[in-house]
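K.L.:
This one is upload_27.txt, compact mmCIF, C-alpha atoms.
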```txt
# COMPACT_ATOMS: atom_id res chain seq x y z
CA PRO O 1 77.19 35.97 173.73
CA GLN O 2 77.41 36.71 170.02
CA ALA O 3 80.21 38.73 168.45
CA ALA O 4 79.93 42.48 168.16
CA SER O 5 78.47 43.87 164.97
CA THR O 6 81.03 45.13 162.46
CA ALA O 7 81.03 48.50 160.74
CA PRO O 8 78.79 48.70 157.67
CA ALA O 9 80.47 48.60 154.26
CA VAL O 10 78.29 51.31 152.69
CA TYR O 11 77.45 54.71 154.15
CA GLN O 12 75.38 57.69 153.14
CA THR O 13 76.99 60.87 154.48
CA TYR O 14 75.40 64.03 155.90
CA THR O 15 77.43 67.06 156.97
CA VAL O 16 75.74 69.16 159.63
CA ASN O 17 75.81 72.90 158.86
CA SER O 18 73.75 74.37 161.71
CA THR O 19 73.94 74.17 165.49
CA ILE O 20 70.21 74.84 165.99
CA ASP O 21 68.04 72.02 167.30
CA ALA O 22 65.42 71.58 164.58
CA PRO O 23 63.81 68.38 163.22
CA ASP O 24 63.93 67.16 159.65
CA ALA O 25 61.16 68.51 157.43
CA ASP O 26 60.61 65.26 155.50
CA THR O 27 62.21 62.03 156.71
CA GLY O 28 61.23 60.22 153.52
CA ASP O 29 63.09 62.39 150.99
CA GLY O 30 66.67 61.36 151.83
CA ILE O 31 67.68 65.01 152.33
CA CYS O 32 68.93 66.34 155.66
CA ALA O 33 67.02 69.60 155.92
CA SER O 34 64.96 71.31 158.58
CA ALA O 35 62.04 73.55 157.60
CA ASP O 36 64.49 76.39 156.89
CA GLY O 37 66.77 74.18 154.81
CA GLN O 38 69.54 73.64 157.36
CA CYS O 39 71.11 70.23 158.03
CA THR O 40 70.94 70.02 161.82
CA LEU O 41 72.17 67.18 164.02
CA ARG O 42 68.58 66.21 164.85
CA ALA O 43 67.55 66.29 161.19
CA ALA O 44 70.54 64.14 160.21
CA ILE O 45 69.71 61.54 162.86
CA MET O 46 66.04 61.50 161.79
CA GLN O 47 67.15 60.87 158.20
CA ALA O 48 69.53 58.15 159.40
CA ASN O 49 66.71 56.41 161.25
CA ASN O 50 64.76 56.18 157.99
CA ALA O 51 67.65 55.43 155.62
CA ALA O 52 68.02 52.22 153.64
CA THR O 53 71.77 52.11 154.39
CA ALA O 54 73.99 53.11 157.27
CA VAL O 55 74.60 56.84 157.66
CA LYS O 56 77.73 58.81 158.52
CA ILE O 57 77.18 62.22 160.13
CA ILE O 58 80.02 64.74 160.05
CA LEU O 59 79.58 67.07 163.03
CA PRO O 60 81.84 70.13 162.78
CA ALA O 61 83.12 72.17 165.70
CA GLY O 62 80.34 73.88 167.64
CA SER O 63 77.98 73.52 170.57
CA TYR O 64 74.81 71.62 169.73
CA LEU O 65 72.26 72.44 172.42
CA LEU O 66 69.09 70.32 172.56
CA THR O 67 66.02 72.50 173.08
CA ARG O 68 63.02 70.43 171.97
CA VAL O 69 61.01 69.25 174.97
CA GLY O 70 59.10 65.97 174.72
CA HIS O 71 59.49 62.21 174.78
CA ASP O 72 59.31 59.96 171.72
CA ASN O 73 61.34 57.26 169.97
CA ASN O 74 61.93 58.97 166.61
CA ALA O 75 64.20 61.90 167.60
CA PHE O 76 61.54 64.55 166.83
CA ALA O 77 61.70 65.86 170.39
CA GLY O 78 63.67 65.32 173.58
CA ASP O 79 66.74 63.13 173.26
CA LEU O 80 68.40 62.03 170.03
CA ASP O 81 66.93 58.57 169.36
CA ILE O 82 69.05 56.34 167.13
CA SER O 83 67.37 53.31 165.55
CA ASN O 84 69.60 52.56 162.55
CA ALA O 85 73.30 51.95 161.89
CA LEU O 86 75.11 55.27 162.32
CA ASP O 87 78.57 56.82 162.58
CA ILE O 88 78.85 60.28 164.17
CA ILE O 89 82.22 61.99 163.71
CA GLY O 90 83.02 65.19 165.58
CA ALA O 91 86.00 67.53 165.34
CA GLY O 92 87.34 66.48 168.76
CA PRO O 93 85.91 66.59 172.30
CA ALA O 94 87.19 70.12 172.93
CA ALA O 95 85.60 71.40 169.72
CA THR O 96 82.32 69.50 169.21
CA ILE O 97 79.89 69.55 172.14
CA VAL O 98 76.46 67.88 172.22
CA ASP O 99 74.63 69.40 175.18
CA GLY O 100 71.49 67.61 176.34
CA ASN O 101 70.26 70.71 178.20
CA GLY O 102 68.74 68.37 180.75
CA ALA O 103 67.41 71.15 182.97
CA LEU O 104 64.96 71.88 180.14
CA THR O 105 64.54 68.56 178.30
CA HIS O 106 64.71 66.15 181.27
CA ASP O 107 65.95 63.46 178.92
CA HIS O 108 69.01 61.52 177.80
CA VAL O 109 71.33 63.03 175.21
CA PHE O 110 71.42 59.89 173.03
CA ASP O 111 69.02 56.93 173.19
CA ILE O 112 70.45 54.07 171.11
CA GLN O 113 67.76 51.49 170.41
CA ALA O 114 68.14 47.76 169.80
CA SER O 115 67.47 48.09 166.07
CA ALA O 116 70.62 50.22 165.66
CA THR O 117 72.92 47.24 165.13
CA TYR O 118 76.11 49.33 164.87
CA VAL O 119 76.73 52.84 166.20
CA SER O 120 80.08 54.63 166.36
CA ILE O 121 80.60 57.99 168.06
CA SER O 122 83.96 59.73 167.96
CA GLY O 123 85.56 63.09 168.56
CA LEU O 124 83.00 64.90 170.70
CA THR O 125 81.77 65.68 174.20
CA ILE O 126 78.36 64.53 175.49
CA ARG O 127 77.15 66.57 178.44
CA ASN O 128 74.20 67.72 180.56
CA GLY O 129 71.76 64.89 179.92
CA ASN O 130 69.22 64.35 182.70
CA SER O 131 67.00 61.27 182.77
CA LEU O 132 66.03 61.43 186.44
CA THR O 133 62.38 62.04 185.60
CA ASP O 134 62.25 60.01 182.38
CA THR O 135 60.31 56.73 182.34
CA ASN O 136 63.69 55.00 181.87
CA ALA O 137 65.77 56.88 184.44
CA SER O 138 69.14 55.43 183.37
CA GLY O 139 71.86 56.74 181.11
CA GLY O 140 71.78 60.50 181.28
CA GLY O 141 74.43 60.85 178.57
CA ILE O 142 73.79 57.65 176.60
CA LEU O 143 71.11 55.02 177.04
CA LEU O 144 72.13 51.89 175.13
CA GLU O 145 69.17 49.54 174.84
CA GLY O 146 69.56 45.93 173.78
CA ASN O 147 67.53 42.84 174.49
CA SER O 148 68.08 39.54 176.25
CA THR O 149 68.20 37.39 173.09
CA SER O 150 70.53 39.41 170.83
CA PHE O 151 73.66 40.60 172.63
CA ASN O 152 75.18 42.03 169.43
CA SER O 153 72.26 44.37 168.94
CA PRO O 154 73.19 47.12 169.32
CA SER O 155 76.97 47.52 169.30
CA LEU O 156 78.36 50.91 170.35
CA ASN O 157 81.89 52.05 169.62
CA LEU O 158 83.20 55.14 171.45
CA SER O 159 86.52 56.75 170.52
CA ASN O 160 87.95 60.04 171.79
CA VAL O 161 84.65 60.88 173.50
CA VAL O 162 84.12 62.76 176.77
CA ILE O 163 80.90 62.04 178.70
CA GLU O 164 80.52 64.56 181.50
CA GLY O 165 78.01 66.37 183.69
CA ASN O 166 75.11 63.97 183.07
CA THR O 167 72.64 62.76 185.70
CA ALA O 168 70.40 59.71 186.06
CA SER O 169 69.21 57.33 188.74
CA GLN O 170 71.76 54.81 187.39
CA GLY O 171 74.61 55.33 184.97
CA GLY O 172 74.69 59.10 184.80
CA GLY O 173 77.16 58.93 181.92
CA LEU O 174 76.08 55.72 180.22
CA SER O 175 73.67 52.88 180.86
CA ALA O 176 73.92 49.75 178.72
CA LYS O 177 71.61 46.74 178.63
CA TYR O 178 72.09 43.52 176.63
CA CYS O 179 74.52 44.87 174.07
CA THR O 180 78.20 45.28 173.21
CA LEU O 181 80.20 48.38 174.09
CA VAL O 182 83.67 48.98 172.68
CA ALA O 183 85.44 51.88 174.42
CA LYS O 184 88.81 53.07 173.19
CA GLN O 185 90.38 54.80 176.12
CA SER O 186 93.51 55.69 178.02
CA GLY O 187 93.93 57.24 181.45
CA ASP O 188 97.06 59.04 180.22
CA PRO O 189 96.45 62.75 179.45
CA THR O 190 98.77 62.29 176.45
CA PHE O 191 96.15 59.96 174.91
CA ASP O 192 96.89 59.23 171.26
CA PRO O 193 93.65 58.46 169.37
CA ALA O 194 95.68 56.66 166.71
CA ALA O 195 96.87 54.06 169.24
CA PRO O 196 94.20 53.68 171.92
CA VAL O 197 93.62 50.88 174.36
CA THR O 198 90.44 49.06 173.35
CA GLN O 199 88.14 47.52 175.94
CA THR O 200 85.10 45.49 174.93
CA PHE O 201 82.23 44.90 177.34
CA THR O 202 79.52 42.35 176.61
CA VAL O 203 76.71 43.65 178.77
CA SER O 204 74.34 41.15 180.36
CA PRO O 205 72.14 42.55 181.66
CA ASN O 206 73.39 45.94 182.85
CA LEU O 207 76.43 48.22 182.85
CA PHE O 208 76.39 51.64 184.47
CA LEU O 209 79.22 54.08 183.76
CA PRO O 210 79.56 57.55 185.30
CA LEU O 211 82.94 58.13 183.66
CA ALA O 212 84.38 59.85 180.65
CA VAL O 213 85.62 57.63 177.82
CA ARG O 214 88.64 59.02 176.03
```
Could you rewrite the structure in this file as structure tokens?
P.N.:
Amino acid sequence: PQAASTAPAVYQTYTVNSTIDAPDADTGDGICASADGQCTLRAAIMQANNAATAVKIILPAGSYLLTRVGHDNNAFAGDLDISNALDIIGAGPAATIVDGNGALTHDHVFDIQASATYVSISGLTIRNGNSLTDTNASGGGILLEGNSTSFNSPSLNLSNVVIEGNTASQGGGLSAKYCTLVAKQSGDPTFDPAAPVTQTFTVSPNLFLPLAVR
């Protein structure tokens, strides 16, 4: 297996300012803005997928409920598809909630594709994804999709993240295939995010996790 991808040196930053679930109005303009001018989580991810550099998304405290029904691979509807290098930073798992609303969407919360060489998610809760009826019925919270020839693509880093209340045929919380997962976690309720235990999994071919990663 190859080494995990490292964090990009250059980022473009978007700060989300709305909890509504609306797509980006123009993914080619480099501006995170829905049709009403708000920078939503979905719009920021759509911009990230089309950016020339890696993107950092600042996700303030709030509940981000997914409401767009449909299945695609560009984050316009359904789950939040990630296809480029991305860092999502929440305000902490008790404050920033990304809710897949699976009873309505019947989809993952995040779908991280093989082209997203490096993804980091920190400081948030991922809940209520439901991929039982999706064509890929794994990974209700996070589906991490790699391939059999490039184990370092993608690499996912999770820190101070809670994955809860998700359902799927396999890996209700997280399903990973041919990739690298780095989970910073501690079973101690006094978990200190500044000094976590780091566990790295090289996944070949499958890893199914129903658990929270803190």
K.L.:
One decimal, in Å: what's the spacing between CA of Val98 in chain O and CA of Pro23 in chain O?
P.N.:
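The value is 15.5 Å.
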K.L.:
Using only C-alpha atoms, pick whichever of O:Leu124, O:Val55, O:Ala77, O:Ile89 has the shortest atom-to-atom distance to Asp111 in chain O.
P.N.:
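Among the listed residues, the smallest separation from Asp111 in chain O belongs to O:Ala77.
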K.L.:
Determine, counting all atoms listed in the file, which protein, DNA and RNA residues have an atom within 6 Å of an atom of range 40-51 of chain O; residues of the same chain fewer than 2 positions away are not included. Present the result as a PDB file with C-alpha atoms, in the coordinates of the input.
P.N.:
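This went into out27.pdb:
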```pdb
ATOM      1  CA  VAL O  16      75.740  69.160 159.630  1.00  0.00           C
ATOM      2  CA  SER O  18      73.750  74.370 161.710  1.00  0.00           C
ATOM      3  CA  PRO O  23      63.810  68.380 163.220  1.00  0.00           C
ATOM      4  CA  ASP O  24      63.930  67.160 159.650  1.00  0.00           C
ATOM      5  CA  THR O  27      62.210  62.030 156.710  1.00  0.00           C
ATOM      6  CA  CYS O  32      68.930  66.340 155.660  1.00  0.00           C
ATOM      7  CA  GLN O  38      69.540  73.640 157.360  1.00  0.00           C
ATOM      8  CA  THR O  53      71.770  52.110 154.390  1.00  0.00           C
ATOM      9  CA  VAL O  55      74.600  56.840 157.660  1.00  0.00           C
ATOM     10  CA  SER O  83      67.370  53.310 165.550  1.00  0.00           C
ATOM     11  CA  ASN O  84      69.600  52.560 162.550  1.00  0.00           C
TER      12      ASN O  84
END
```
K.L.:
Quick check, in Å to one decimal: how far apart do CA of Val162 in chain O and CA of Leu174 in chain O lie?
P.N.:
11.2 Å
K.L.:
Could you tell me how far CA of Leu104 in chain O lies from CA of Val69 in chain O, in Å and to one decimal?
P.N.:
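We find that CA of Leu104 in chain O and CA of Val69 in chain O lie 7.0 Å from each other.
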